[in-house]
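The block underneath contains the structure these notes are about, expressed in structure tokens.
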Amino acid sequence: MNKNIEIISLIFKSVEYLQLIYEQLTSVHCHVPDWRVGLRIVANDATPDVLARLHELNIPYTVYNDSKPNDYYLNRVYRCWNHAGFTSTYDNICFVNSDMIFSSNWLTNLLHHHDGTHIPTSRLVESGKIRSGTYGISYNCGRHPKQINYDQWGTCVATHIKHEVHERGLYMPCVFETSRFIESGGYPEGNIFRDGIGTQTRKAFLQSGDAWFFEKLTSEYGMKHITVFDSLVYHIQEGEKDES
């Protein structure tokens, strides 16, 4: 496997969340011995303020303008993730959210399990704004970029880190081979409902687009979704969605 990877985050309307993910991506926690690690922020129909700040920051970024700008926001998010993966020039990609804080060696430990047969994902510590999913830990270290208690986060990591791997889990941060992501067709264009993909009615919900895609990789490619318990990532939850 070629040892190069691009970490990609989306951004939409919050300069504060842009600053947070910029600081996180450019920290030492994203360095991996013997790997070439690239960074990119994709501006997803971003506001003028966000675009202006991106222009000032020393980080690669691209701009994505959705062909259906009035579509339900989550459908546009999935399309932007596909655009991000399809346009990567790296052999491997790691998707992260803009409302995340990373522990030391989170990416190194994820990549220990990136072997072409697994979909390695981090274990999330979540703020408790909404109920966490499989293996998620509810532990409030702050619910806004201005409120993050980094000392508390460090204590949380020391308490919960385990050198274990478990099947299934949550869906981001996640690592894929870029060619496999492209070949698979990427995420569906929205969550899955009884009357189709990406409907705006939000009725008869069946499963998230992430879950659908991971199941597709499992059924069609024989891959196994795993959660890496020594790759801990704090998730504010909702993030930009809550910003005015």
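Following the order of the structure tokens, first chain is A, next is B, and so on, with residues numbered from 1 inside each chain and ligands from 1 in the order they appear.
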
Contacts of Ala43 in chain A within 7 Å, only C-alpha atoms, excl. fewer than 5 positions in-chain, as a ChimeraX atom specification: /A:10-12,62-64

Could you tell me, as a list in words, which residues of range 16-125 of chain A DSSP assigns to strand (DSSP E or B) when given the backbone?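 Going through range 16-125 of chain A, the strand (DSSP E or B) residues come out as Arg36, Val37, Gly38, Leu39, Arg40, Ile41, Val42, Ala43, Asn44, Tyr61, Thr62, Val63, Tyr64, Asn92, Ile93, Cys94, Phe95, Val96, Met100, Ile101, Phe102, His118, Ile119, Pro120, Thr121, Ser122, Arg123, Leu124 and Val125 of chain A.
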
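Taking only C-alpha atoms into account, Asn44 in chain A lies nearest to A:Ala84 out of the set A:Cys30, A:Val233, A:Ala84, A:Ile21.
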
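Note that the spacing between CA of Ser122 in chain A and CA of Ile182 in chain A amounts to 21.7 Å.
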
Residues flagged alpha helix (DSSP H) by DSSP in range 106-165 of chain A, as a ChimeraX atom specification: /A:106-111,150-160

Near-Thr134 in chain A list (9 Å; only C-alpha atoms; drop same-chain fewer than 4 positions) as a PDB file with C-alpha atoms, in the first residue's frame:
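Final file, out.pdb:
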```pdb
ATOM      1  CA  ARG A 168     -18.825  -2.065  13.663  1.00  0.00           C
ATOM      2  CA  GLY A 169     -19.254   1.322  15.360  1.00  0.00           C
ATOM      3  CA  LEU A 170     -19.682   4.910  14.194  1.00  0.00           C
TER       4      LEU A 170
END
```

For Asp230 in chain A, find every residue with an atom within 8 Å (counting only C-alpha atoms), except residues of its own chain fewer than 6 positions away, and show them as a ChimeraX atom specification. /A:106,109,122-123,161-164

Using only C-alpha atoms, what does the table of range 37-135 of chain A residues within 10 Å of range 193-211 of chain A look like, with each row giving the shortest atom pair and its distance in Å to one decimal, sorted by chain and ascending number, as CSV?
```
residue,atom,partner,partner_atom,distance
A:Asp71,CA,A:Gln200,CA,8.0
A:Tyr72,CA,A:Gln200,CA,6.0
A:Tyr73,CA,A:Gln200,CA,9.3
A:Leu74,CA,A:Gly198,CA,7.9
A:Asn75,CA,A:Gly198,CA,5.7
A:Arg76,CA,A:Gly198,CA,9.3
A:Tyr78,CA,A:Gly209,CA,7.9
```

Selected residue, from A:Ser184, A:Thr117, A:Ser103, A:Thr155, that lies nearest to Tyr234 in chain A when counting only C-alpha atoms: A:Ser103

Of A:Arg40, A:Lys68, A:Arg143, A:Arg79, the one nearest to Val125 in chain A when counting only C-alpha atoms is A:Arg143
